[in-house]
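Only one structure is covered here, and it is reproduced in the block below.
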Amino acid sequence: MMSHTYKDLVIAMVRTGILGYGGGPSVMPLFRHEAVNRYHWLEDEEFGEVLALANALPGPIATKIAGYLGYRTKGSLGAAVAIIAHILPTCLAMIALASLISVLKSSPFIEGMIAAVLPVIAVMLGQMAYKFGSKAVKGLGWVLGFATFIIAFVMLQIIPVHPAIVIILFLAYGTVHYKLKNKINKHHDRDREAI
């Protein structure tokens with residue numbers, strides 16, 4: 001495991017703050033890359049669990065993830081450093097660009113930049129969803145994995161239920177599912193030992 005330095009933490013959070021275009025959910029693949037792939041602060045499964053928990057809590061997702069990663073690597077001071085490193089560059093950029101907003105708003109160049117970035121964000125979110133979906137299918141099986149996808153889709157898009165409620169319901173279901181699965185596996189192991 002790599003050492004956890006404040007320098008790495010600041011670089012990672014500045015990178016997610018500056019390159020994270022489009023709001024909280026669109027930044028999650030960047031956070032995942034920094035935390036899981038680049039610095040190995042978390043395993044991929046743990047990042048998914050932290051993301052689910054953070055989504056269930058009120059407030060901006062990006063600052064919650066930055067705070068968690070900072071706390072995880074450097075404690076309370078690390079959480080404060082991570083949040084500041086994540087939000088400060090964007091805040092400064094917004095202040096600097098505030099005087100130019102009326103000019104930039106209708107600029108064809110800016111409209112073109114936005115149009116070019118949106119598909120990239122969609123692909124990054126799709127890749128992350130595919131990886132999480134693959135893990136769900138691996139853990140639950142195809143039928144149950146697909147069924148939970150359909151149930152979540154219906155709850156979020158058709159009914160609509162608040163995402164935090166859906167996450168809490170699925171966390172509760174996952175707890176029950178794995179307890180039952182472990183109990184069944186132990187029972188089968190005892191039966192095999194008895195033979």
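Please note that chains go A, B, ... in the order of the structure tokens, that every chain numbers its residues from 1, and that ligands are numbered from 1 in the order shown.
If you count only C-alpha atoms and ignore residues fewer than 6 places along the chain from Pro60 of chain A, what sits within 12 Å of it is Gly23, Gly24, Pro25, Val27, Met28, Leu51, Ala54, Ala66, Gly67, Ile83 and Ile87 of chain A.
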query: What residues in segment 27-98 of chain A get the DSSP label alpha helix (DSSP H)? Please answer as an MDAnalysis selection string.
result: chainID A and resid 27:32 44:56 61:97
- request: Could you jot down the atom CA of Ile150 of chain A to atom CA of Val137 of chain A separation for me, Å, one decimal place?
  value: 12.8 Å
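When only C-alpha atoms are used to compute distances to Leu169 of chain A, the closest of the residues A:Ala52, A:Ile18, A:Leu118, A:Met13 turns out to be A:Ala52.
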field: Non-local contacts of Trp41 of chain A (8 Å; only C-alpha atoms; under 4 positions in same chain excluded) as JSON, numbers by chain
entry: {"A": [4, 35, 36, 69, 72, 73]}
Write a file of the selected residues as an mmCIF file, in the first residue's frame, keeping N, CA, C and O atoms.
```cif
data_model
loop_
_atom_site.group_PDB
_atom_site.id
_atom_site.type_symbol
_atom_site.label_atom_id
_atom_site.label_comp_id
_atom_site.auth_asym_id
_atom_site.auth_seq_id
_atom_site.Cartn_x
_atom_site.Cartn_y
_atom_site.Cartn_z
ATOM 1 N N HIS A 4 0.332 7.611 2.488
ATOM 2 C CA HIS A 4 -0.677 8.650 2.335
ATOM 3 C C HIS A 4 -0.068 9.975 2.758
ATOM 4 O O HIS A 4 0.198 10.182 3.946
ATOM 5 N N ALA A 35 -8.931 7.560 -5.953
ATOM 6 C CA ALA A 35 -8.932 6.793 -4.698
ATOM 7 C C ALA A 35 -8.601 5.321 -4.891
ATOM 8 O O ALA A 35 -7.927 4.723 -4.049
ATOM 9 N N VAL A 36 -9.077 4.746 -5.998
ATOM 10 C CA VAL A 36 -8.916 3.304 -6.204
ATOM 11 C C VAL A 36 -7.705 3.001 -7.077
ATOM 12 O O VAL A 36 -6.852 2.192 -6.714
ATOM 13 N N LEU A 69 -12.469 10.750 1.995
ATOM 14 C CA LEU A 69 -11.130 10.332 1.570
ATOM 15 C C LEU A 69 -10.055 11.023 2.407
ATOM 16 O O LEU A 69 -9.048 10.397 2.775
ATOM 17 N N ARG A 72 -10.140 9.390 5.816
ATOM 18 C CA ARG A 72 -9.626 8.019 5.712
ATOM 19 C C ARG A 72 -8.098 8.015 5.645
ATOM 20 O O ARG A 72 -7.452 7.141 6.216
ATOM 21 N N THR A 73 -7.523 8.990 4.935
ATOM 22 C CA THR A 73 -6.077 8.992 4.758
ATOM 23 C C THR A 73 -5.329 9.751 5.846
ATOM 24 O O THR A 73 -4.232 9.351 6.220
#
```
